[in-house]
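Structure file query-v3.pdb with PDB, C-alpha atoms, pLDDT in the B column:
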ATOM      1  CA  MET P   1     222.914  74.753  46.827  1.00 46.00           C
ATOM      2  CA  SER P   2     220.749  71.661  46.605  1.00 45.00           C
ATOM      3  CA  GLN P   3     216.985  71.968  46.780  1.00 44.00           C
ATOM      4  CA  PRO P   4     215.129  70.185  49.637  1.00 45.00           C
ATOM      5  CA  LEU P   5     213.446  66.939  48.587  1.00 43.00           C
ATOM      6  CA  ALA P   6     209.690  67.119  48.183  1.00 43.00           C
ATOM      7  CA  THR P   7     207.840  64.989  50.707  1.00 46.00           C
ATOM      8  CA  THR P   8     205.174  62.555  49.533  1.00 43.00           C
ATOM      9  CA  PRO P   9     201.921  62.968  51.477  1.00 45.00           C
ATOM     10  CA  SER P  10     200.960  59.944  53.470  1.00 47.00           C
ATOM     11  CA  LEU P  11     197.659  58.085  53.076  1.00 37.00           C
ATOM     12  CA  GLN P  12     196.570  59.508  56.422  1.00 45.00           C
ATOM     13  CA  ASP P  13     197.316  63.055  55.236  1.00 48.00           C
ATOM     14  CA  VAL P  14     195.293  62.494  52.048  1.00 36.00           C
ATOM     15  CA  THR P  15     192.408  60.919  53.931  1.00 39.00           C
ATOM     16  CA  GLU P  16     192.303  63.752  56.449  1.00 45.00           C
ATOM     17  CA  SER P  17     192.233  66.290  53.624  1.00 44.00           C
ATOM     18  CA  ILE P  18     189.099  64.784  52.055  1.00 40.00           C
ATOM     19  CA  ILE P  19     185.858  66.346  53.188  1.00 42.00           C
ATOM     20  CA  PHE P  20     183.375  63.510  53.427  1.00 45.00           C
ATOM     21  CA  PRO P  21     179.660  64.240  53.117  1.00 48.00           C
ATOM     22  CA  PRO P  22     177.793  63.926  56.410  1.00 52.00           C
ATOM     23  CA  GLY P  23     176.638  60.443  57.301  1.00 54.00           C
ATOM     24  CA  ASP P  24     173.189  61.605  58.412  1.00 62.00           C
ATOM     25  CA  ILE P  25     171.684  61.689  54.909  1.00 62.00           C
ATOM     26  CA  TYR P  26     168.029  61.100  54.140  1.00 53.00           C
ATOM     27  CA  SER P  27     167.072  58.399  51.682  1.00 53.00           C
ATOM     28  CA  ASP P  28     166.034  59.659  48.243  1.00 51.00           C
ATOM     29  CA  GLU P  29     164.025  56.965  46.488  1.00 48.00           C
ATOM     30  CA  PRO P  30     161.242  57.157  43.891  1.00 55.00           C
ATOM     31  CA  PRO P  31     157.719  55.856  44.617  1.00 55.00           C
ATOM     32  CA  LEU P  32     157.211  52.102  44.285  1.00 56.00           C
ATOM     33  CA  GLU P  33     155.646  50.697  41.142  1.00 62.00           C
ATOM     34  CA  SER P  34     152.479  49.329  42.721  1.00 79.00           C
ATOM     35  CA  ASP P  35     150.793  48.075  45.871  1.00 85.00           C
ATOM     36  CA  LEU P  36     152.071  44.597  44.990  1.00 88.00           C
ATOM     37  CA  HIS P  37     155.667  45.816  45.097  1.00 89.00           C
ATOM     38  CA  ARG P  38     155.182  47.706  48.357  1.00 92.00           C
ATOM     39  CA  GLU P  39     153.397  44.790  50.040  1.00 94.00           C
ATOM     40  CA  GLN P  40     156.073  42.327  48.920  1.00 96.00           C
ATOM     41  CA  ILE P  41     158.908  44.490  50.238  1.00 95.00           C
ATOM     42  CA  ASP P  42     157.108  45.071  53.542  1.00 95.00           C
ATOM     43  CA  LEU P  43     156.472  41.345  53.856  1.00 97.00           C
ATOM     44  CA  LEU P  44     160.158  40.444  53.439  1.00 97.00           C
ATOM     45  CA  ILE P  45     161.241  43.094  55.948  1.00 97.00           C
ATOM     46  CA  ARG P  46     158.715  41.965  58.542  1.00 96.00           C
ATOM     47  CA  LEU P  47     159.554  38.293  58.038  1.00 97.00           C
ATOM     48  CA  ILE P  48     163.315  38.649  58.454  1.00 97.00           C
ATOM     49  CA  LYS P  49     162.953  40.962  61.447  1.00 96.00           C
ATOM     50  CA  TRP P  50     160.541  38.573  63.139  1.00 96.00           C
ATOM     51  CA  TRP P  51     162.607  35.476  62.349  1.00 96.00           C
ATOM     52  CA  TRP P  52     165.762  37.157  63.718  1.00 97.00           C
ATOM     53  CA  ARG P  53     163.953  39.046  66.497  1.00 95.00           C
ATOM     54  CA  ASP P  54     166.493  37.854  69.082  1.00 96.00           C
ATOM     55  CA  ARG P  55     169.488  38.991  67.033  1.00 97.00           C
ATOM     56  CA  GLN P  56     171.097  42.429  67.283  1.00 97.00           C
ATOM     57  CA  ASP P  57     173.728  42.041  64.543  1.00 97.00           C
ATOM     58  CA  PHE P  58     171.897  42.810  61.306  1.00 98.00           C
ATOM     59  CA  TYR P  59     170.105  45.553  59.423  1.00 98.00           C
ATOM     60  CA  ALA P  60     167.203  44.797  57.064  1.00 98.00           C
ATOM     61  CA  THR P  61     165.237  47.370  55.115  1.00 96.00           C
ATOM     62  CA  GLY P  62     163.856  48.212  51.706  1.00 94.00           C
ATOM     63  CA  ASN P  63     163.589  50.996  49.131  1.00 90.00           C
ATOM     64  CA  LEU P  64     166.329  52.876  50.964  1.00 92.00           C
ATOM     65  CA  THR P  65     169.206  54.738  49.335  1.00 90.00           C
ATOM     66  CA  ILE P  66     172.712  53.306  49.679  1.00 92.00           C
ATOM     67  CA  TYR P  67     175.303  56.090  49.565  1.00 90.00           C
ATOM     68  CA  PHE P  68     178.621  54.523  48.619  1.00 87.00           C
ATOM     69  CA  SER P  69     180.694  57.282  47.028  1.00 80.00           C
ATOM     70  CA  PRO P  70     182.040  60.104  49.232  1.00 70.00           C
ATOM     71  CA  LYS P  71     182.802  62.153  46.107  1.00 69.00           C
ATOM     72  CA  GLN P  72     179.283  61.781  44.774  1.00 62.00           C
ATOM     73  CA  LYS P  73     176.641  61.270  47.427  1.00 60.00           C
ATOM     74  CA  LYS P  74     174.308  59.494  45.045  1.00 58.00           C
ATOM     75  CA  SER P  75     175.164  57.969  41.698  1.00 62.00           C
ATOM     76  CA  ALA P  76     172.985  59.335  38.936  1.00 60.00           C
ATOM     77  CA  GLU P  77     172.628  55.779  37.581  1.00 62.00           C
ATOM     78  CA  PHE P  78     171.818  54.067  40.849  1.00 71.00           C
ATOM     79  CA  ARG P  79     169.068  54.005  43.427  1.00 74.00           C
ATOM     80  CA  GLY P  80     168.550  51.956  46.559  1.00 88.00           C
ATOM     81  CA  PRO P  81     167.676  48.252  46.428  1.00 94.00           C
ATOM     82  CA  ASP P  82     164.082  47.223  47.033  1.00 95.00           C
ATOM     83  CA  PHE P  83     165.193  44.938  49.868  1.00 97.00           C
ATOM     84  CA  PHE P  84     168.600  44.356  51.421  1.00 98.00           C
ATOM     85  CA  VAL P  85     170.229  42.854  54.489  1.00 98.00           C
ATOM     86  CA  VAL P  86     173.569  43.805  56.037  1.00 98.00           C
ATOM     87  CA  LEU P  87     175.100  41.325  58.473  1.00 98.00           C
ATOM     88  CA  ASP P  88     177.470  41.939  61.383  1.00 97.00           C
ATOM     89  CA  THR P  89     176.250  45.475  61.953  1.00 97.00           C
ATOM     90  CA  GLU P  90     174.244  47.329  64.578  1.00 96.00           C
ATOM     91  CA  LYS P  91     170.504  46.759  64.567  1.00 96.00           C
ATOM     92  CA  LYS P  92     169.044  50.275  64.613  1.00 95.00           C
ATOM     93  CA  ASP P  93     166.891  52.584  62.511  1.00 94.00           C
ATOM     94  CA  ARG P  94     168.605  54.631  59.808  1.00 93.00           C
ATOM     95  CA  LYS P  95     167.663  57.391  57.375  1.00 90.00           C
ATOM     96  CA  SER P  96     169.798  55.751  54.665  1.00 91.00           C
ATOM     97  CA  TRP P  97     172.745  53.374  54.373  1.00 93.00           C
ATOM     98  CA  VAL P  98     175.967  55.384  54.169  1.00 90.00           C
ATOM     99  CA  VAL P  99     178.823  53.006  53.433  1.00 92.00           C
ATOM    100  CA  TRP P 100     181.651  55.261  54.640  1.00 90.00           C
ATOM    101  CA  GLN P 101     179.848  55.676  57.969  1.00 91.00           C
ATOM    102  CA  GLU P 102     179.217  51.921  58.328  1.00 95.00           C
ATOM    103  CA  ASN P 103     182.803  50.628  58.368  1.00 94.00           C
ATOM    104  CA  GLY P 104     182.711  50.197  54.604  1.00 94.00           C
ATOM    105  CA  LYS P 105     180.002  47.543  54.779  1.00 96.00           C
ATOM    106  CA  TYR P 106     177.804  46.782  51.791  1.00 96.00           C
ATOM    107  CA  PRO P 107     174.688  44.587  51.748  1.00 98.00           C
ATOM    108  CA  ASN P 108     175.169  40.841  52.093  1.00 98.00           C
ATOM    109  CA  VAL P 109     171.852  40.132  50.371  1.00 98.00           C
ATOM    110  CA  ILE P 110     169.881  42.205  47.853  1.00 98.00           C
ATOM    111  CA  ILE P 111     166.478  41.486  46.322  1.00 98.00           C
ATOM    112  CA  GLU P 112     165.062  43.637  43.547  1.00 97.00           C
ATOM    113  CA  MET P 113     161.367  43.662  42.574  1.00 96.00           C
ATOM    114  CA  LEU P 114     161.098  43.645  38.811  1.00 95.00           C
ATOM    115  CA  SER P 115     158.665  45.816  36.885  1.00 91.00           C
ATOM    116  CA  ASP P 116     158.269  46.844  33.269  1.00 88.00           C
ATOM    117  CA  SER P 117     160.186  50.059  33.885  1.00 86.00           C
ATOM    118  CA  THR P 118     163.014  48.641  36.051  1.00 87.00           C
ATOM    119  CA  ALA P 119     163.639  45.073  34.853  1.00 92.00           C
ATOM    120  CA  SER P 120     166.354  45.958  32.351  1.00 92.00           C
ATOM    121  CA  VAL P 121     168.241  48.056  34.934  1.00 91.00           C
ATOM    122  CA  ASP P 122     167.845  45.436  37.671  1.00 93.00           C
ATOM    123  CA  LYS P 123     169.179  42.715  35.365  1.00 95.00           C
ATOM    124  CA  GLY P 124     171.905  44.900  33.855  1.00 94.00           C
ATOM    125  CA  LEU P 125     173.389  47.974  35.498  1.00 93.00           C
ATOM    126  CA  LYS P 126     172.370  47.181  39.062  1.00 94.00           C
ATOM    127  CA  LYS P 127     173.562  43.617  38.775  1.00 96.00           C
ATOM    128  CA  GLN P 128     176.961  44.909  37.630  1.00 95.00           C
ATOM    129  CA  ILE P 129     177.131  47.390  40.531  1.00 94.00           C
ATOM    130  CA  TYR P 130     176.166  44.720  43.061  1.00 96.00           C
ATOM    131  CA  GLN P 131     178.767  42.352  41.626  1.00 97.00           C
ATOM    132  CA  ASN P 132     181.682  44.661  40.915  1.00 95.00           C
ATOM    133  CA  THR P 133     181.313  47.493  43.460  1.00 93.00           C
ATOM    134  CA  PHE P 134     179.198  46.175  46.316  1.00 95.00           C
ATOM    135  CA  ARG P 135     180.475  42.593  46.080  1.00 97.00           C
ATOM    136  CA  THR P 136     177.126  41.539  47.502  1.00 98.00           C
ATOM    137  CA  PRO P 137     177.334  37.729  47.833  1.00 98.00           C
ATOM    138  CA  ASP P 138     173.634  36.949  47.217  1.00 98.00           C
ATOM    139  CA  TYR P 139     171.501  38.773  44.651  1.00 98.00           C
ATOM    140  CA  PHE P 140     167.926  37.887  43.716  1.00 98.00           C
ATOM    141  CA  TRP P 141     165.190  39.399  41.627  1.00 97.00           C
ATOM    142  CA  PHE P 142     161.454  38.726  41.751  1.00 98.00           C
ATOM    143  CA  ASP P 143     158.529  39.978  39.703  1.00 96.00           C
ATOM    144  CA  PRO P 144     155.381  40.274  41.874  1.00 95.00           C
ATOM    145  CA  ASN P 145     153.223  40.247  38.742  1.00 94.00           C
ATOM    146  CA  ASN P 146     154.421  37.236  36.733  1.00 95.00           C
ATOM    147  CA  LEU P 147     156.390  35.584  39.602  1.00 97.00           C
ATOM    148  CA  GLU P 148     159.703  35.515  37.685  1.00 97.00           C
ATOM    149  CA  PHE P 149     162.331  34.547  40.237  1.00 98.00           C
ATOM    150  CA  GLN P 150     166.091  34.193  39.824  1.00 97.00           C
ATOM    151  CA  GLY P 151     169.121  34.295  42.094  1.00 98.00           C
ATOM    152  CA  PHE P 152     172.899  34.572  41.981  1.00 98.00           C
ATOM    153  CA  HIS P 153     175.862  33.986  44.273  1.00 98.00           C
ATOM    154  CA  ILE P 154     179.343  35.426  43.795  1.00 97.00           C
ATOM    155  CA  VAL P 155     181.997  32.871  42.883  1.00 97.00           C
ATOM    156  CA  ASP P 156     185.507  34.154  42.120  1.00 96.00           C
ATOM    157  CA  GLY P 157     184.167  37.679  41.779  1.00 95.00           C
ATOM    158  CA  GLN P 158     181.415  36.786  39.306  1.00 97.00           C
ATOM    159  CA  TYR P 159     177.727  36.109  39.827  1.00 98.00           C
ATOM    160  CA  GLN P 160     176.823  32.483  39.180  1.00 98.00           C
ATOM    161  CA  GLU P 161     173.154  31.614  38.734  1.00 98.00           C
ATOM    162  CA  LEU P 162     171.688  29.521  41.531  1.00 98.00           C
ATOM    163  CA  ALA P 163     170.065  26.192  40.706  1.00 97.00           C
ATOM    164  CA  PRO P 164     166.515  25.876  42.074  1.00 97.00           C
ATOM    165  CA  THR P 165     165.279  22.943  44.121  1.00 97.00           C
ATOM    166  CA  GLU P 166     162.430  20.725  42.929  1.00 96.00           C
ATOM    167  CA  LEU P 167     160.075  23.224  44.555  1.00 97.00           C
ATOM    168  CA  GLY P 168     161.706  26.142  42.746  1.00 97.00           C
ATOM    169  CA  TRP P 169     163.388  27.468  45.883  1.00 98.00           C
ATOM    170  CA  LEU P 170     166.804  29.166  45.861  1.00 98.00           C
ATOM    171  CA  TRP P 171     169.328  28.915  48.684  1.00 98.00           C
ATOM    172  CA  SER P 172     170.815  32.034  50.284  1.00 98.00           C
ATOM    173  CA  GLN P 173     174.133  31.253  51.927  1.00 98.00           C
ATOM    174  CA  GLN P 174     174.114  34.613  53.675  1.00 98.00           C
ATOM    175  CA  LEU P 175     170.666  34.209  55.225  1.00 98.00           C
ATOM    176  CA  ASP P 176     171.017  30.459  55.759  1.00 98.00           C
ATOM    177  CA  MET P 177     167.507  30.124  54.342  1.00 98.00           C
ATOM    178  CA  TYR P 178     165.695  29.285  51.145  1.00 98.00           C
ATOM    179  CA  LEU P 179     163.699  31.807  49.165  1.00 98.00           C
ATOM    180  CA  GLY P 180     160.683  30.607  47.227  1.00 98.00           C
ATOM    181  CA  VAL P 181     157.268  31.585  45.927  1.00 97.00           C
ATOM    182  CA  GLU P 182     154.314  30.660  48.131  1.00 96.00           C
ATOM    183  CA  SER P 183     150.751  31.744  47.270  1.00 94.00           C
ATOM    184  CA  GLY P 184     152.050  34.375  44.848  1.00 96.00           C
ATOM    185  CA  LYS P 185     154.492  35.928  47.337  1.00 96.00           C
ATOM    186  CA  LEU P 186     158.249  35.609  47.757  1.00 98.00           C
ATOM    187  CA  ARG P 187     158.828  33.994  51.153  1.00 97.00           C
ATOM    188  CA  PHE P 188     161.602  32.575  53.324  1.00 98.00           C
ATOM    189  CA  PHE P 189     161.906  28.895  54.191  1.00 98.00           C
ATOM    190  CA  THR P 190     164.063  27.308  56.882  1.00 97.00           C
ATOM    191  CA  PRO P 191     166.855  24.874  55.951  1.00 97.00           C
ATOM    192  CA  ASP P 192     164.528  21.981  56.830  1.00 96.00           C
ATOM    193  CA  GLY P 193     161.805  23.337  54.560  1.00 95.00           C
ATOM    194  CA  HIS P 194     159.393  25.106  56.922  1.00 96.00           C
ATOM    195  CA  LEU P 195     157.738  28.347  55.889  1.00 96.00           C
ATOM    196  CA  VAL P 196     158.863  31.347  57.942  1.00 96.00           C
ATOM    197  CA  ILE P 197     155.649  32.928  59.186  1.00 94.00           C
ATOM    198  CA  LEU P 198     154.593  36.167  60.822  1.00 93.00           C
ATOM    199  CA  PRO P 199     153.125  36.253  64.353  1.00 88.00           C
ATOM    200  CA  GLU P 200     149.623  36.912  63.012  1.00 86.00           C
ATOM    201  CA  GLU P 201     149.986  33.961  60.649  1.00 82.00           C
ATOM    202  CA  GLU P 202     151.077  31.805  63.568  1.00 75.00           C
ATOM    203  CA  ALA P 203     148.087  33.030  65.588  1.00 70.00           C
ATOM    204  CA  ASN P 204     145.813  32.280  62.640  1.00 69.00           C
ATOM    205  CA  GLN P 205     147.268  28.785  62.358  1.00 64.00           C
ATOM    206  CA  GLN P 206     146.696  28.225  66.066  1.00 61.00           C
ATOM    207  CA  LEU P 207     143.119  29.479  65.689  1.00 63.00           C
ATOM    208  CA  GLN P 208     142.542  27.126  62.767  1.00 67.00           C
ATOM    209  CA  GLN P 209     143.967  24.232  64.769  1.00 66.00           C
ATOM    210  CA  ALA P 210     141.729  25.157  67.713  1.00 63.00           C
ATOM    211  CA  ASN P 211     138.707  25.303  65.384  1.00 67.00           C
ATOM    212  CA  GLN P 212     139.638  21.922  63.931  1.00 71.00           C
ATOM    213  CA  GLN P 213     139.939  20.443  67.420  1.00 69.00           C
ATOM    214  CA  LEU P 214     136.589  22.001  68.344  1.00 65.00           C
ATOM    215  CA  GLN P 215     135.005  20.505  65.225  1.00 76.00           C
ATOM    216  CA  GLN P 216     136.475  17.101  66.082  1.00 74.00           C
ATOM    217  CA  THR P 217     135.147  17.410  69.642  1.00 69.00           C
ATOM    218  CA  ASN P 218     131.710  18.370  68.322  1.00 77.00           C
ATOM    219  CA  GLN P 219     131.742  15.406  65.942  1.00 77.00           C
ATOM    220  CA  GLN P 220     132.697  13.072  68.769  1.00 75.00           C
ATOM    221  CA  LEU P 221     129.924  14.566  70.937  1.00 74.00           C
ATOM    222  CA  GLN P 222     127.414  14.104  68.131  1.00 80.00           C
ATOM    223  CA  GLN P 223     128.516  10.500  67.679  1.00 80.00           C
ATOM    224  CA  ALA P 224     128.190   9.913  71.437  1.00 74.00           C
ATOM    225  CA  ASN P 225     124.707  11.466  71.422  1.00 81.00           C
ATOM    226  CA  GLN P 226     123.716   9.291  68.470  1.00 81.00           C
ATOM    227  CA  GLN P 227     124.954   6.172  70.253  1.00 82.00           C
ATOM    228  CA  LEU P 228     123.100   7.250  73.414  1.00 80.00           C
ATOM    229  CA  GLU P 229     119.908   7.776  71.418  1.00 82.00           C
ATOM    230  CA  GLN P 230     120.298   4.376  69.793  1.00 83.00           C
ATOM    231  CA  GLU P 231     120.725   2.764  73.201  1.00 82.00           C
ATOM    232  CA  ARG P 232     117.656   4.627  74.514  1.00 84.00           C
ATOM    233  CA  GLN P 233     115.609   3.402  71.566  1.00 83.00           C
ATOM    234  CA  ARG P 234     116.785  -0.192  72.124  1.00 84.00           C
ATOM    235  CA  ALA P 235     115.872   0.052  75.810  1.00 79.00           C
ATOM    236  CA  ALA P 236     112.410   1.405  74.928  1.00 81.00           C
ATOM    237  CA  ILE P 237     111.798  -1.435  72.439  1.00 83.00           C
ATOM    238  CA  LEU P 238     112.937  -4.035  74.978  1.00 79.00           C
ATOM    239  CA  ALA P 239     110.690  -2.538  77.667  1.00 75.00           C
ATOM    240  CA  GLU P 240     107.718  -2.611  75.300  1.00 80.00           C
ATOM    241  CA  ARG P 241     108.354  -6.275  74.466  1.00 82.00           C
ATOM    242  CA  LEU P 242     108.590  -7.150  78.167  1.00 73.00           C
ATOM    243  CA  ARG P 243     105.282  -5.450  78.848  1.00 80.00           C
ATOM    244  CA  ALA P 244     103.736  -7.331  75.933  1.00 82.00           C
ATOM    245  CA  ALA P 245     104.921 -10.546  77.570  1.00 76.00           C
ATOM    246  CA  GLY P 246     103.293  -9.518  80.855  1.00 75.00           C
ATOM    247  CA  ILE P 247     106.543  -8.549  82.532  1.00 78.00           C
ATOM    248  CA  ASP P 248     106.940  -5.215  84.250  1.00 75.00           C
ATOM    249  CA  PRO P 249     110.377  -3.842  83.204  1.00 71.00           C
ATOM    250  CA  GLU P 250     110.565  -1.862  86.450  1.00 76.00           C
ATOM    251  CA  GLN P 251     110.476  -5.100  88.458  1.00 74.00           C
ATOM    252  CA  ILE P 252     113.413  -6.694  86.696  1.00 73.00           C
ATOM    253  CA  PHE P 253     116.056  -4.520  88.402  1.00 62.00           C
TER
END
Write the structure described by the file as structure tokens, please.
Amino acid sequence: MSQPLATTPSLQDVTESIIFPPGDIYSDEPPLESDLHREQIDLLIRLIKWWWRDRQDFYATGNLTIYFSPKQKKSAEFRGPDFFVVLDTEKKDRKSWVVWQENGKYPNVIIEMLSDSTASVDKGLKKQIYQNTFRTPDYFWFDPNNLEFQGFHIVDGQYQELAPTELGWLWSQQLDMYLGVESGKLRFFTPDGHLVILPEEEANQQLQQANQQLQQTNQQLQQANQQLEQERQRAAILAERLRAAGIDPEQIF
């Protein structure tokens, strides 16, 4: 009697048999290297959120764990990027980025802040993970201490180094913006070269412009007062000369 043929489990059967870790996982990141690193990360997050304040289709954060392996919640050789942006996703707060709960999405842009203890990993292992596993199109690193700045874009599956502009800026295709160093900080610049600024910076600029206009008005007022004083002095001299000639200045008009 022939034996019944063994059935091959379908992909759906296999998938349903896997017990995925819960998606509501807290981030598990080490402390940042210094105040410089923390301030730089916060600055980038605030800038991109303010610049895209009317958009609801992105997620930007920093120093947050990315969980990308259902079998191993967190790779022993990997921790979350210092700054990353995911496009075409829901704009909401998260405890961490869990790839299998986010439709398989990985970051579109990653920026790592170099330090003495992390530079070799950021330039080596992490770069390989971002290229080969994440397939993150744009990857940059920046050292807040010595201002080392470099960027890469994936071409045919491999990171190709980006060529800087004359100002040392690097273009991010994903953000549709330049990144460059301004006053010792990594900042964003619009395609036409304008610095992306925070609301308080804009308010400060407006205050400076108002102060400049006030100074110009004061200068013009001073010049007008000087001219008025000169005219008064001329009138006084003329009146004195008329009196010396026996003419009463009050009787002329």
- Message: Excluding P:Lys105 and its own-chain neighbours fewer than 6 positions away, which residues fall within 12 Å of it when counting all atoms listed in the file? Please give them as a PyMOL selection string.
- Response: chain P and resi 58-59+66-68+85-90+97-99+133-136
- Please identify all polymer residues lying at most 10 Å from the point (175.9, 33.7, 40.8) (file coordinates), using only C-alpha atoms, and present the result as JSON, numbers by chain. {"P": [131, 137, 138, 139, 140, 150, 151, 152, 153, 154, 155, 156, 157, 158, 159, 160, 161, 162, 163]}
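Against the coordinates shown, the PyMOL selection byres ((chain P and resi 185-202) around 9) returns P:Gln40, P:Leu43, P:Leu44, P:Arg46, P:Leu47, P:Ile48, P:Trp50, P:Trp51, P:Phe142, P:Pro144, P:Leu147, P:Phe149, P:Trp169, P:Trp171, P:Asp176, P:Met177, P:Tyr178, P:Leu179, P:Gly180, P:Val181, P:Glu182, P:Ser183, P:Gly184, P:Ala203, P:Asn204, P:Gln205, P:Gln206, P:Leu207.
The residue that comes closest to P:Arg94, out of P:Leu64, P:Val121, P:Ile111, P:Ala239 and on the basis of all atoms listed in the file, is P:Leu64.
Shortest atom-to-atom contact with P:Leu175 among P:Val109, P:Leu114, P:Ala60, P:Ala244: P:Val109, counting only C-alpha atoms.
Our summary of the geometry notes that atom CA of P:Gln233 is positioned 16.6 Å from atom CA of P:Glu250.
From atom CA of P:Ile129 back to atom CA of P:Phe83, the distance works out to 15.4 Å.
Between atom CA of P:Ile110 and atom CA of P:Leu170 the separation is 13.5 Å.
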- Task: Could you tell me which residues the PyMOL selection byres ((chain P and resi 37) around 9) returns for this structure, as a PyMOL selection string?
- Result: chain P and resi 32-36+38-42+82+113-115+143-145
Can those selected residues be exported to a file as a PDB file, in the coordinates of the input so that it contains C-alpha atoms?
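Final file, result_24.pdb:
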ATOM      1  CA  LEU P  32     157.211  52.102  44.285  1.00 56.00           C
ATOM      2  CA  GLU P  33     155.646  50.697  41.142  1.00 62.00           C
ATOM      3  CA  SER P  34     152.479  49.329  42.721  1.00 79.00           C
ATOM      4  CA  ASP P  35     150.793  48.075  45.871  1.00 85.00           C
ATOM      5  CA  LEU P  36     152.071  44.597  44.990  1.00 88.00           C
ATOM      6  CA  ARG P  38     155.182  47.706  48.357  1.00 92.00           C
ATOM      7  CA  GLU P  39     153.397  44.790  50.040  1.00 94.00           C
ATOM      8  CA  GLN P  40     156.073  42.327  48.920  1.00 96.00           C
ATOM      9  CA  ILE P  41     158.908  44.490  50.238  1.00 95.00           C
ATOM     10  CA  ASP P  42     157.108  45.071  53.542  1.00 95.00           C
ATOM     11  CA  ASP P  82     164.082  47.223  47.033  1.00 95.00           C
ATOM     12  CA  MET P 113     161.367  43.662  42.574  1.00 96.00           C
ATOM     13  CA  LEU P 114     161.098  43.645  38.811  1.00 95.00           C
ATOM     14  CA  SER P 115     158.665  45.816  36.885  1.00 91.00           C
ATOM     15  CA  ASP P 143     158.529  39.978  39.703  1.00 96.00           C
ATOM     16  CA  PRO P 144     155.381  40.274  41.874  1.00 95.00           C
ATOM     17  CA  ASN P 145     153.223  40.247  38.742  1.00 94.00           C
TER      18      ASN P 145
END
